[in-house]
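Listing of my_file_28.cif, mmCIF, C-alpha atoms
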```
data_structure
loop_
_atom_site.group_PDB
_atom_site.id
_atom_site.type_symbol
_atom_site.label_atom_id
_atom_site.label_comp_id
_atom_site.auth_asym_id
_atom_site.auth_seq_id
_atom_site.Cartn_x
_atom_site.Cartn_y
_atom_site.Cartn_z
ATOM 1 C CA MET I 1 3.172 -22.375 -22.069
ATOM 2 C CA ASN I 2 4.284 -23.133 -18.517
ATOM 3 C CA ASN I 3 1.983 -22.993 -15.498
ATOM 4 C CA PHE I 4 1.895 -19.598 -13.830
ATOM 5 C CA THR I 5 0.233 -17.502 -11.152
ATOM 6 C CA LEU I 6 -0.201 -13.829 -12.010
ATOM 7 C CA HIS I 7 -1.113 -11.388 -9.246
ATOM 8 C CA THR I 8 -0.679 -7.644 -9.839
ATOM 9 C CA PRO I 9 -2.415 -5.879 -6.942
ATOM 10 C CA THR I 10 -1.026 -2.378 -7.533
ATOM 11 C CA LYS I 11 -3.584 0.336 -8.306
ATOM 12 C CA ILE I 12 -2.343 2.577 -11.133
ATOM 13 C CA LEU I 13 -3.372 6.229 -11.417
ATOM 14 C CA PHE I 14 -2.056 7.344 -14.791
ATOM 15 C CA GLY I 15 -1.994 10.764 -16.430
ATOM 16 C CA LYS I 16 -1.622 14.480 -15.870
ATOM 17 C CA GLY I 17 -2.223 15.907 -12.417
ATOM 18 C CA GLN I 18 -2.664 12.587 -10.615
ATOM 19 C CA VAL I 19 -0.857 13.916 -7.537
ATOM 20 C CA ALA I 20 -4.177 15.567 -6.705
ATOM 21 C CA GLN I 21 -5.516 12.049 -6.078
ATOM 22 C CA LEU I 22 -2.750 11.174 -3.632
ATOM 23 C CA ARG I 23 -4.471 11.946 -0.336
ATOM 24 C CA GLU I 24 -7.416 9.686 -1.200
ATOM 25 C CA GLN I 25 -5.066 6.712 -1.508
ATOM 26 C CA LEU I 26 -3.632 7.030 1.996
ATOM 27 C CA PRO I 27 -5.060 5.963 5.353
ATOM 28 C CA ARG I 28 -6.271 9.070 7.186
ATOM 29 C CA ASP I 29 -4.543 8.220 10.458
ATOM 30 C CA ALA I 30 -1.295 6.916 8.935
ATOM 31 C CA ARG I 31 2.170 7.914 10.064
ATOM 32 C CA ILE I 32 3.796 8.365 6.664
ATOM 33 C CA LEU I 33 7.482 8.332 5.756
ATOM 34 C CA ILE I 34 8.199 10.057 2.429
ATOM 35 C CA THR I 35 11.346 8.741 0.764
ATOM 36 C CA TYR I 36 13.165 10.385 -2.124
ATOM 37 C CA GLY I 37 16.560 10.687 -3.755
ATOM 38 C CA GLY I 38 18.492 13.779 -4.707
ATOM 39 C CA GLY I 39 17.319 17.325 -5.210
ATOM 40 C CA SER I 40 15.261 16.857 -8.396
ATOM 41 C CA VAL I 41 11.966 16.354 -6.568
ATOM 42 C CA VAL I 42 12.757 19.479 -4.565
ATOM 43 C CA ARG I 43 13.825 21.606 -7.556
ATOM 44 C CA SER I 44 10.815 20.541 -9.622
ATOM 45 C CA GLY I 45 8.403 21.485 -6.842
ATOM 46 C CA LEU I 46 6.977 17.977 -6.634
ATOM 47 C CA LEU I 47 7.931 17.435 -3.002
ATOM 48 C CA ALA I 48 6.382 20.763 -2.016
ATOM 49 C CA GLN I 49 3.184 19.833 -3.861
ATOM 50 C CA ILE I 50 3.033 16.488 -2.076
ATOM 51 C CA ARG I 51 3.517 18.181 1.297
ATOM 52 C CA SER I 52 0.650 20.529 0.429
ATOM 53 C CA GLU I 53 -1.624 17.696 -0.696
ATOM 54 C CA LEU I 54 -0.945 15.831 2.558
ATOM 55 C CA ALA I 55 -1.149 18.784 4.920
ATOM 56 C CA GLY I 56 -2.567 17.721 8.265
ATOM 57 C CA LEU I 57 -1.264 14.168 8.081
ATOM 58 C CA THR I 58 1.663 12.940 10.167
ATOM 59 C CA LEU I 59 4.655 13.090 7.838
ATOM 60 C CA PHE I 60 8.335 12.213 8.120
ATOM 61 C CA GLU I 61 10.939 12.493 5.378
ATOM 62 C CA PHE I 62 14.066 10.622 4.370
ATOM 63 C CA GLY I 63 16.054 11.922 1.402
ATOM 64 C CA GLY I 64 19.353 11.029 -0.176
ATOM 65 C CA ILE I 65 18.562 7.569 -1.573
ATOM 66 C CA GLU I 66 21.170 7.280 -4.289
ATOM 67 C CA PRO I 67 21.134 5.588 -7.709
ATOM 68 C CA ASN I 68 21.732 1.886 -7.077
ATOM 69 C CA PRO I 69 20.356 2.333 -3.545
ATOM 70 C CA ALA I 70 22.826 1.416 -0.831
ATOM 71 C CA TYR I 71 21.981 -0.896 2.030
ATOM 72 C CA GLU I 72 23.975 1.372 4.329
ATOM 73 C CA THR I 73 21.841 4.399 3.392
ATOM 74 C CA LEU I 74 18.563 2.527 3.571
ATOM 75 C CA MET I 75 19.243 1.291 7.075
ATOM 76 C CA GLY I 76 19.064 4.920 8.205
ATOM 77 C CA ALA I 77 15.490 5.042 6.905
ATOM 78 C CA VAL I 78 14.727 1.710 8.571
ATOM 79 C CA GLU I 79 15.872 3.117 11.922
ATOM 80 C CA LEU I 80 13.748 6.253 11.389
ATOM 81 C CA ALA I 81 10.681 4.198 10.470
ATOM 82 C CA ARG I 82 11.044 2.071 13.565
ATOM 83 C CA ALA I 83 11.729 4.996 15.909
ATOM 84 C CA GLU I 84 8.736 7.007 14.676
ATOM 85 C CA LYS I 85 6.421 3.983 14.407
ATOM 86 C CA VAL I 86 5.806 4.698 10.737
ATOM 87 C CA ASP I 87 3.013 2.607 9.239
ATOM 88 C CA PHE I 88 3.019 3.723 5.583
ATOM 89 C CA LEU I 89 5.808 4.543 3.121
ATOM 90 C CA LEU I 90 5.531 6.897 0.148
ATOM 91 C CA ALA I 91 8.337 6.635 -2.413
ATOM 92 C CA VAL I 92 8.807 9.691 -4.638
ATOM 93 C CA GLY I 93 11.279 9.260 -7.471
ATOM 94 C CA GLY I 94 12.624 6.733 -9.945
ATOM 95 C CA GLY I 95 13.392 3.054 -9.694
ATOM 96 C CA SER I 96 16.211 3.400 -7.183
ATOM 97 C CA VAL I 97 13.998 5.192 -4.682
ATOM 98 C CA LEU I 98 11.199 2.695 -5.261
ATOM 99 C CA ASP I 99 13.502 -0.309 -4.914
ATOM 100 C CA GLY I 100 15.037 1.152 -1.783
ATOM 101 C CA THR I 101 11.652 1.856 -0.268
ATOM 102 C CA LYS I 102 10.553 -1.742 -0.826
ATOM 103 C CA PHE I 103 13.593 -2.843 1.145
ATOM 104 C CA ILE I 104 12.792 -0.335 3.905
ATOM 105 C CA ALA I 105 9.228 -1.686 4.013
ATOM 106 C CA ALA I 106 10.466 -5.245 4.530
ATOM 107 C CA ALA I 107 13.390 -4.435 6.818
ATOM 108 C CA ALA I 108 11.398 -2.209 9.192
ATOM 109 C CA LEU I 109 9.337 -5.207 10.334
ATOM 110 C CA PHE I 110 11.984 -7.902 9.887
ATOM 111 C CA GLU I 111 12.967 -9.879 12.953
ATOM 112 C CA GLY I 112 16.704 -10.404 12.766
ATOM 113 C CA ASN I 113 19.463 -8.880 10.662
ATOM 114 C CA PRO I 114 17.957 -7.143 7.589
ATOM 115 C CA ARG I 115 21.045 -8.206 5.627
ATOM 116 C CA ASP I 116 19.503 -11.688 5.667
ATOM 117 C CA ILE I 117 16.670 -10.401 3.446
ATOM 118 C CA LEU I 118 19.169 -9.976 0.620
ATOM 119 C CA ALA I 119 20.988 -13.202 1.461
ATOM 120 C CA LYS I 120 17.712 -15.068 0.911
ATOM 121 C CA PHE I 121 16.622 -12.866 -2.030
ATOM 122 C CA GLY I 122 13.529 -11.846 -0.048
ATOM 123 C CA ARG I 123 12.163 -15.345 0.387
ATOM 124 C CA ASN I 124 12.276 -14.969 4.186
ATOM 125 C CA VAL I 125 10.112 -11.815 4.257
ATOM 126 C CA THR I 126 6.810 -12.552 5.968
ATOM 127 C CA ARG I 127 5.418 -9.020 6.301
ATOM 128 C CA ALA I 128 6.195 -5.443 5.302
ATOM 129 C CA LEU I 129 4.962 -1.915 5.761
ATOM 130 C CA PRO I 130 2.487 -0.864 3.058
ATOM 131 C CA LEU I 131 3.833 1.551 0.463
ATOM 132 C CA GLY I 132 2.756 3.709 -2.432
ATOM 133 C CA THR I 133 4.797 5.429 -5.128
ATOM 134 C CA VAL I 134 4.909 8.642 -7.123
ATOM 135 C CA LEU I 135 7.007 7.831 -10.186
ATOM 136 C CA THR I 136 9.287 10.432 -11.777
ATOM 137 C CA LEU I 137 11.451 8.311 -14.110
ATOM 138 C CA PRO I 138 10.122 5.547 -16.392
ATOM 139 C CA ALA I 139 12.611 2.680 -16.513
ATOM 140 C CA THR I 140 12.588 -0.102 -13.970
ATOM 141 C CA GLY I 141 8.916 -1.031 -13.684
ATOM 142 C CA SER I 142 9.345 -1.085 -9.906
ATOM 143 C CA GLU I 143 6.104 0.862 -9.559
ATOM 144 C CA MET I 144 4.040 -2.245 -10.386
ATOM 145 C CA ASN I 145 6.110 -5.205 -9.276
ATOM 146 C CA ASN I 146 7.412 -6.825 -6.111
ATOM 147 C CA GLY I 147 11.151 -6.723 -6.715
ATOM 148 C CA GLY I 148 14.154 -4.524 -6.178
ATOM 149 C CA VAL I 149 17.939 -4.453 -6.334
ATOM 150 C CA ILE I 150 20.083 -3.210 -3.446
ATOM 151 C CA THR I 151 23.822 -2.436 -3.343
ATOM 152 C CA ILE I 152 25.902 -3.341 -0.299
ATOM 153 C CA LYS I 153 28.882 -1.019 -0.600
ATOM 154 C CA ALA I 154 30.885 -2.695 2.140
ATOM 155 C CA GLU I 155 30.744 -5.991 0.242
ATOM 156 C CA GLY I 156 30.894 -4.693 -3.325
ATOM 157 C CA ALA I 157 27.682 -6.565 -4.059
ATOM 158 C CA LYS I 158 24.456 -5.680 -5.867
ATOM 159 C CA LEU I 159 21.700 -8.121 -4.941
ATOM 160 C CA PRO I 160 18.126 -8.596 -6.163
ATOM 161 C CA PHE I 161 15.219 -9.486 -3.888
ATOM 162 C CA SER I 162 11.482 -9.925 -4.232
ATOM 163 C CA SER I 163 8.489 -10.594 -2.022
ATOM 164 C CA PRO I 164 4.720 -10.539 -2.482
ATOM 165 C CA PHE I 165 4.586 -8.307 0.595
ATOM 166 C CA VAL I 166 6.294 -5.342 -1.106
ATOM 167 C CA PHE I 167 3.961 -4.748 -4.038
ATOM 168 C CA PRO I 168 3.044 -1.041 -3.981
ATOM 169 C CA LYS I 169 -0.570 -0.472 -2.932
ATOM 170 C CA PHE I 170 -0.801 2.242 -5.570
ATOM 171 C CA SER I 171 1.421 4.117 -8.017
ATOM 172 C CA LEU I 172 0.878 7.571 -9.486
ATOM 173 C CA LEU I 173 2.234 7.846 -13.041
ATOM 174 C CA ASP I 174 2.185 11.381 -14.470
ATOM 175 C CA PRO I 175 4.233 11.622 -17.698
ATOM 176 C CA THR I 176 4.621 15.397 -17.278
ATOM 177 C CA ARG I 177 6.791 14.721 -14.223
ATOM 178 C CA THR I 178 9.505 13.574 -16.638
ATOM 179 C CA ASN I 179 9.774 16.995 -18.303
ATOM 180 C CA THR I 180 12.684 18.131 -16.138
ATOM 181 C CA LEU I 181 14.770 14.985 -16.663
ATOM 182 C CA PRO I 182 18.032 15.146 -18.649
ATOM 183 C CA GLU I 183 18.293 13.239 -21.913
ATOM 184 C CA LYS I 184 20.747 10.754 -20.417
ATOM 185 C CA GLN I 185 18.268 9.570 -17.786
ATOM 186 C CA LEU I 186 15.468 9.246 -20.317
ATOM 187 C CA ALA I 187 17.709 7.311 -22.703
ATOM 188 C CA ASN I 188 18.674 5.019 -19.840
ATOM 189 C CA GLY I 189 14.977 4.456 -19.163
ATOM 190 C CA VAL I 190 14.295 3.446 -22.759
ATOM 191 C CA VAL I 191 17.200 0.969 -22.741
ATOM 192 C CA ASP I 192 16.319 -0.478 -19.346
ATOM 193 C CA ALA I 193 12.733 -1.137 -20.403
ATOM 194 C CA PHE I 194 13.878 -2.584 -23.740
ATOM 195 C CA VAL I 195 16.235 -5.070 -22.098
ATOM 196 C CA HIS I 196 13.606 -5.993 -19.501
ATOM 197 C CA VAL I 197 11.435 -7.153 -22.370
ATOM 198 C CA LEU I 198 14.283 -9.009 -24.068
ATOM 199 C CA GLU I 199 15.141 -10.917 -20.877
ATOM 200 C CA GLN I 200 11.645 -12.426 -21.022
ATOM 201 C CA TYR I 201 11.312 -12.712 -24.811
ATOM 202 C CA LEU I 202 14.623 -13.888 -26.297
ATOM 203 C CA THR I 203 14.765 -17.180 -24.436
ATOM 204 C CA THR I 204 13.159 -20.429 -25.641
ATOM 205 C CA CYS I 205 10.130 -21.250 -27.742
ATOM 206 C CA ASP I 206 7.585 -22.283 -25.132
ATOM 207 C CA GLY I 207 4.300 -21.714 -26.958
ATOM 208 C CA ALA I 208 3.386 -18.557 -25.028
ATOM 209 C CA HIS I 209 2.203 -16.705 -28.114
ATOM 210 C CA VAL I 210 0.078 -14.183 -26.213
ATOM 211 C CA GLN I 211 3.063 -13.109 -24.123
ATOM 212 C CA ASP I 212 5.269 -12.980 -27.232
ATOM 213 C CA ARG I 213 2.846 -10.656 -29.010
ATOM 214 C CA PHE I 214 2.630 -8.405 -25.953
ATOM 215 C CA ALA I 215 6.433 -8.326 -25.778
ATOM 216 C CA GLU I 216 6.754 -7.451 -29.450
ATOM 217 C CA GLY I 217 4.245 -4.645 -29.021
ATOM 218 C CA LEU I 218 6.259 -3.192 -26.154
ATOM 219 C CA LEU I 219 9.506 -3.388 -28.129
ATOM 220 C CA LEU I 220 7.907 -1.698 -31.135
ATOM 221 C CA THR I 221 6.487 1.057 -28.935
ATOM 222 C CA LEU I 222 9.932 1.768 -27.494
ATOM 223 C CA ILE I 223 11.450 1.817 -30.983
ATOM 224 C CA GLU I 224 8.734 4.119 -32.333
ATOM 225 C CA HIS I 225 8.351 6.500 -29.389
ATOM 226 C CA GLY I 226 11.601 6.182 -27.467
ATOM 227 C CA PRO I 227 13.636 8.675 -29.537
ATOM 228 C CA ALA I 228 10.919 11.358 -29.325
ATOM 229 C CA ALA I 229 10.537 10.759 -25.598
ATOM 230 C CA VAL I 230 14.257 11.358 -25.121
ATOM 231 C CA ARG I 231 14.592 14.403 -27.361
ATOM 232 C CA SER I 232 11.341 16.273 -26.623
ATOM 233 C CA THR I 233 8.656 16.715 -23.990
ATOM 234 C CA ASP I 234 5.957 15.442 -26.346
ATOM 235 C CA TYR I 235 3.246 14.149 -24.014
ATOM 236 C CA SER I 236 2.232 11.187 -26.167
ATOM 237 C CA ALA I 237 5.818 9.950 -26.438
ATOM 238 C CA ARG I 238 6.476 10.374 -22.717
ATOM 239 C CA ALA I 239 3.175 8.695 -21.812
ATOM 240 C CA ASN I 240 3.882 5.706 -24.053
ATOM 241 C CA LEU I 241 7.396 5.377 -22.633
ATOM 242 C CA MET I 242 6.149 5.496 -19.050
ATOM 243 C CA TRP I 243 3.414 2.915 -19.559
ATOM 244 C CA THR I 244 5.654 0.636 -21.630
ATOM 245 C CA ALA I 245 8.336 0.647 -18.915
ATOM 246 C CA THR I 246 5.681 -0.297 -16.370
ATOM 247 C CA MET I 247 4.239 -3.082 -18.520
ATOM 248 C CA ALA I 248 7.694 -4.437 -19.322
ATOM 249 C CA LEU I 249 8.195 -5.715 -15.791
ATOM 250 C CA ASN I 250 4.817 -6.055 -14.064
ATOM 251 C CA GLY I 251 4.675 -9.826 -14.577
ATOM 252 C CA LEU I 252 2.439 -9.912 -17.638
ATOM 253 C CA ILE I 253 4.904 -10.780 -20.403
ATOM 254 C CA GLY I 254 6.890 -13.066 -18.117
ATOM 255 C CA ALA I 255 3.915 -15.211 -17.104
ATOM 256 C CA GLY I 256 4.364 -18.811 -18.197
ATOM 257 C CA VAL I 257 7.613 -18.202 -20.098
ATOM 258 C CA VAL I 258 11.262 -19.078 -19.502
ATOM 259 C CA GLN I 259 13.153 -15.962 -18.408
ATOM 260 C CA ASP I 260 16.849 -15.139 -18.615
ATOM 261 C CA TRP I 261 18.233 -12.144 -16.606
ATOM 262 C CA SER I 262 21.893 -13.073 -17.186
ATOM 263 C CA THR I 263 22.445 -9.707 -18.882
ATOM 264 C CA HIS I 264 21.160 -8.000 -15.744
ATOM 265 C CA MET I 265 23.367 -10.100 -13.480
ATOM 266 C CA ILE I 266 26.438 -9.160 -15.533
ATOM 267 C CA GLY I 267 25.297 -5.546 -15.561
ATOM 268 C CA HIS I 268 24.984 -5.474 -11.779
ATOM 269 C CA GLU I 269 28.619 -6.532 -11.436
ATOM 270 C CA LEU I 270 29.771 -3.835 -13.873
ATOM 271 C CA THR I 271 27.838 -1.189 -11.960
ATOM 272 C CA VAL I 272 29.336 -2.197 -8.626
ATOM 273 C CA LYS I 273 32.898 -2.445 -9.990
ATOM 274 C CA TYR I 274 32.989 0.560 -12.302
ATOM 275 C CA GLY I 275 30.055 2.771 -11.319
ATOM 276 C CA ILE I 276 28.479 2.597 -14.793
ATOM 277 C CA ASP I 277 24.791 3.484 -15.084
ATOM 278 C CA HIS I 278 22.642 0.352 -14.890
ATOM 279 C CA ALA I 279 21.044 0.774 -18.315
ATOM 280 C CA ARG I 280 24.408 1.407 -19.942
ATOM 281 C CA THR I 281 25.775 -1.845 -18.571
ATOM 282 C CA LEU I 282 22.800 -3.596 -20.159
ATOM 283 C CA ALA I 283 23.382 -1.889 -23.493
#
```
Output the file's structure as structure tokens, nothing else.
Amino acid sequence: MNNFTLHTPTKILFGKGQVAQLREQLPRDARILITYGGGSVVRSGLLAQIRSELAGLTLFEFGGIEPNPAYETLMGAVELARAEKVDFLLAVGGGSVLDGTKFIAAAALFEGNPRDILAKFGRNVTRALPLGTVLTLPATGSEMNNGGVITIKAEGAKLPFSSPFVFPKFSLLDPTRTNTLPEKQLANGVVDAFVHVLEQYLTTCDGAHVQDRFAEGLLLTLIEHGPAAVRSTDYSARANLMWTATMALNGLIGAGVVQDWSTHMIGHELTVKYGIDHARTLA
């Protein structure tokens, strides 16, 4: 087993109705920017519930963060955050919104051209706005890690970045929030989580038997509960999918092991060139 440092500072609030705990996680005097994607959080009533829970706080909103979040879109949120002196970000959505919000958090305080964050894969980030997340789609694990992937449309590039400064302070994981998702998105989530595990498991024999057993447990859980999670709203299946997707990429199974990620790098190119869903490029 290789040397490693494991630091997972994100507070997880898991289960039904956890949005009711949201206000307690936020600074009382914060100027909060809520970020989200398309209309699903509006149609489901989640955004309205969050507004109600946070009534009385200073709130701003930025919607329209697309799948495979675009640098060009995110820079609009960066400008808003700077103009309104935002000091906390709340991402509501799936992995794309969470990834995009991590970039916003870093770029809002970055001195220089934010494009350089992606050029250096986040290694030049020295501070970021604090952020929390309300997860609606289990897949990427972005709710408990310090990484993200951003698309630069003008360059036809999809680039990963990471920084210890963009770990979410907290993440709310309510499996019932997945009940309005289409089968395709849930299936993508199962595949994404599965390949995340494989990228850290099917590499070399390095004596990390604890991590291997964890990885095998996650793969078995996806095999056993993934189909039910896609085809029904069974709470147990959805809960196991959501927690497995989080555990697949929170640093635990990758600690002290050789990792791959070549499948993801190929997948990123296919997404940029052909517009294929991320998980389907991995499959």
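Distances here use all atoms listed in the file; by that measure, the residue among I:Cys205, I:Ile150, I:Leu131, I:Ala248 closest to Leu118 in chain I is I:Ile150.
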Residues picked by the PyMOL selection byres ((chain I and resi 92) around 9) here, as number ranges by chain?
I: 34-37, 41, 46-47, 90-91, 93-94, 97-98, 132-136
Residues within 7 Å of Gln259 in chain I, only C-alpha atoms, excluding chain neighbours under 4 positions, as a PDB file with C-alpha atoms, keeping the file's coordinate frame:
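Now in part_6.pdb:
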```
ATOM      1  CA  GLU I 199      15.141 -10.917 -20.877  1.00  0.00           C
ATOM      2  CA  GLN I 200      11.645 -12.426 -21.022  1.00  0.00           C
ATOM      3  CA  THR I 203      14.765 -17.180 -24.436  1.00  0.00           C
ATOM      4  CA  GLY I 254       6.890 -13.066 -18.117  1.00  0.00           C
TER       5      GLY I 254
END
```
Can you pull out the residues contacting range 122-124 of chain I? Cut-off 6 Å, using all atoms listed in the file, and skip same-chain residues under 5 positions away; I want them as a PyMOL selection string.
chain I and resi 117+161-163
For Tyr71 in chain I, work out the shell of residues within 12 Å, counting all atoms listed in the file and skipping chain neighbours fewer than 3 positions away, then give it as number ranges by chain.
I: 65-68, 74-78, 96, 99-104, 107, 114-118, 148-160
Write to file, as a PDB file, keeping the file's coordinate frame, the residues of the selection just made, with C-alpha atoms.
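Listing of out_37.pdb after writing:
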```pdb
ATOM      1  CA  ILE I  65      18.562   7.569  -1.573  1.00  0.00           C
ATOM      2  CA  GLU I  66      21.170   7.280  -4.289  1.00  0.00           C
ATOM      3  CA  PRO I  67      21.134   5.588  -7.709  1.00  0.00           C
ATOM      4  CA  ASN I  68      21.732   1.886  -7.077  1.00  0.00           C
ATOM      5  CA  LEU I  74      18.563   2.527   3.571  1.00  0.00           C
ATOM      6  CA  MET I  75      19.243   1.291   7.075  1.00  0.00           C
ATOM      7  CA  GLY I  76      19.064   4.920   8.205  1.00  0.00           C
ATOM      8  CA  ALA I  77      15.490   5.042   6.905  1.00  0.00           C
ATOM      9  CA  VAL I  78      14.727   1.710   8.571  1.00  0.00           C
ATOM     10  CA  SER I  96      16.211   3.400  -7.183  1.00  0.00           C
ATOM     11  CA  ASP I  99      13.502  -0.309  -4.914  1.00  0.00           C
ATOM     12  CA  GLY I 100      15.037   1.152  -1.783  1.00  0.00           C
ATOM     13  CA  THR I 101      11.652   1.856  -0.268  1.00  0.00           C
ATOM     14  CA  LYS I 102      10.553  -1.742  -0.826  1.00  0.00           C
ATOM     15  CA  PHE I 103      13.593  -2.843   1.145  1.00  0.00           C
ATOM     16  CA  ILE I 104      12.792  -0.335   3.905  1.00  0.00           C
ATOM     17  CA  ALA I 107      13.390  -4.435   6.818  1.00  0.00           C
ATOM     18  CA  PRO I 114      17.957  -7.143   7.589  1.00  0.00           C
ATOM     19  CA  ARG I 115      21.045  -8.206   5.627  1.00  0.00           C
ATOM     20  CA  ASP I 116      19.503 -11.688   5.667  1.00  0.00           C
ATOM     21  CA  ILE I 117      16.670 -10.401   3.446  1.00  0.00           C
ATOM     22  CA  LEU I 118      19.169  -9.976   0.620  1.00  0.00           C
ATOM     23  CA  GLY I 148      14.154  -4.524  -6.178  1.00  0.00           C
ATOM     24  CA  VAL I 149      17.939  -4.453  -6.334  1.00  0.00           C
ATOM     25  CA  ILE I 150      20.083  -3.210  -3.446  1.00  0.00           C
ATOM     26  CA  THR I 151      23.822  -2.436  -3.343  1.00  0.00           C
ATOM     27  CA  ILE I 152      25.902  -3.341  -0.299  1.00  0.00           C
ATOM     28  CA  LYS I 153      28.882  -1.019  -0.600  1.00  0.00           C
ATOM     29  CA  ALA I 154      30.885  -2.695   2.140  1.00  0.00           C
ATOM     30  CA  GLU I 155      30.744  -5.991   0.242  1.00  0.00           C
ATOM     31  CA  GLY I 156      30.894  -4.693  -3.325  1.00  0.00           C
ATOM     32  CA  ALA I 157      27.682  -6.565  -4.059  1.00  0.00           C
ATOM     33  CA  LYS I 158      24.456  -5.680  -5.867  1.00  0.00           C
ATOM     34  CA  LEU I 159      21.700  -8.121  -4.941  1.00  0.00           C
ATOM     35  CA  PRO I 160      18.126  -8.596  -6.163  1.00  0.00           C
TER      36      PRO I 160
END
```
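What the PyMOL selection byres ((chain I and resi 189) around 8) matches in the given file is Leu137, Pro138, Ala139, Thr140, Gln185, Leu186, Ala187, Asn188, Val190, Val191, Asp192, Ala193, Ala245 and Ala279 of chain I.
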Put those residues in a file: C-alpha atoms, as a tab-separated table (two decimals), in the frame of the given file.
```tsv
chain	number	residue	atom	x	y	z
I	137	LEU	CA	11.45	8.31	-14.11
I	138	PRO	CA	10.12	5.55	-16.39
I	139	ALA	CA	12.61	2.68	-16.51
I	140	THR	CA	12.59	-0.10	-13.97
I	185	GLN	CA	18.27	9.57	-17.79
I	186	LEU	CA	15.47	9.25	-20.32
I	187	ALA	CA	17.71	7.31	-22.70
I	188	ASN	CA	18.67	5.02	-19.84
I	190	VAL	CA	14.30	3.45	-22.76
I	191	VAL	CA	17.20	0.97	-22.74
I	192	ASP	CA	16.32	-0.48	-19.35
I	193	ALA	CA	12.73	-1.14	-20.40
I	245	ALA	CA	8.34	0.65	-18.92
I	279	ALA	CA	21.04	0.77	-18.32
```
Place a sphere of radius 12 Å on (5.5, -1.5, -20.5) in the file coordinates and name every protein, DNA or RNA residue with an atom inside or on its surface, counting all atoms listed in the file; give the answer as an MDAnalysis selection string.
chainID I and resid 138:145 189:190 192:197 214:222 239:254
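For the pair CA of Ala208 in chain I and CA of Phe4 in chain I, the interatomic distance is 11.3 Å.
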Excluding Glu79 in chain I and any residue of its chain fewer than 6 positions from it, enumerate the residues within 12 Å of it, using only C-alpha atoms, and give them as a PyMOL selection string.
chain I and resi 33+62+72-73+85-86+104-105+107-110+114
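Interatomic distance, CA of Pro69 in chain I to CA of Gly95 in chain I: 9.3 Å.
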Padding 4 Å on every side, please: axis-aligned box over the listed atoms of range 170-186 of chain I, centre and edge lengths to one decimal in Å, as lines of an AutoDock Vina configuration file.
```
center_x = 10.0
center_y = 10.2
center_z = -13.7
size_x = 29.5
size_y = 23.9
size_z = 24.3
```
Residue by residue, what does the PyMOL selection byres ((chain I and resi 30) around 7) grab here? Present the result as a PDB file with C-alpha atoms, keeping the file's coordinate frame.
```
ATOM      1  CA  PRO I  27      -5.060   5.963   5.353  1.00  0.00           C
ATOM      2  CA  ARG I  28      -6.271   9.070   7.186  1.00  0.00           C
ATOM      3  CA  ASP I  29      -4.543   8.220  10.458  1.00  0.00           C
ATOM      4  CA  ARG I  31       2.170   7.914  10.064  1.00  0.00           C
ATOM      5  CA  ILE I  32       3.796   8.365   6.664  1.00  0.00           C
ATOM      6  CA  THR I  58       1.663  12.940  10.167  1.00  0.00           C
ATOM      7  CA  ASP I  87       3.013   2.607   9.239  1.00  0.00           C
ATOM      8  CA  PHE I  88       3.019   3.723   5.583  1.00  0.00           C
TER       9      PHE I  88
END
```
With all atoms listed in the file counted, which protein, DNA or RNA residues have an atom no more than 10 Å from (-3.9, -8.3, -0.8) in the file frame? Please answer as an mmCIF file with C-alpha atoms, in the frame of the given file.
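And here is the file that came out, point22.cif:
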```cif
data_model
loop_
_atom_site.group_PDB
_atom_site.id
_atom_site.type_symbol
_atom_site.label_atom_id
_atom_site.label_comp_id
_atom_site.auth_asym_id
_atom_site.auth_seq_id
_atom_site.Cartn_x
_atom_site.Cartn_y
_atom_site.Cartn_z
ATOM 1 C CA HIS I 7 -1.113 -11.388 -9.246
ATOM 2 C CA THR I 8 -0.679 -7.644 -9.839
ATOM 3 C CA PRO I 9 -2.415 -5.879 -6.942
ATOM 4 C CA THR I 10 -1.026 -2.378 -7.533
ATOM 5 C CA PRO I 164 4.720 -10.539 -2.482
ATOM 6 C CA PHE I 165 4.586 -8.307 0.595
ATOM 7 C CA PHE I 167 3.961 -4.748 -4.038
ATOM 8 C CA LYS I 169 -0.570 -0.472 -2.932
#
```
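For the pair CA of Pro175 in chain I and CA of Leu198 in chain I, the separation is 23.8 Å.
Using only C-alpha atoms, the shortest contact distance between Ser171 in chain I and any of I:Leu89, I:Ala283, I:Ala83, I:Met1 is found at I:Leu89.
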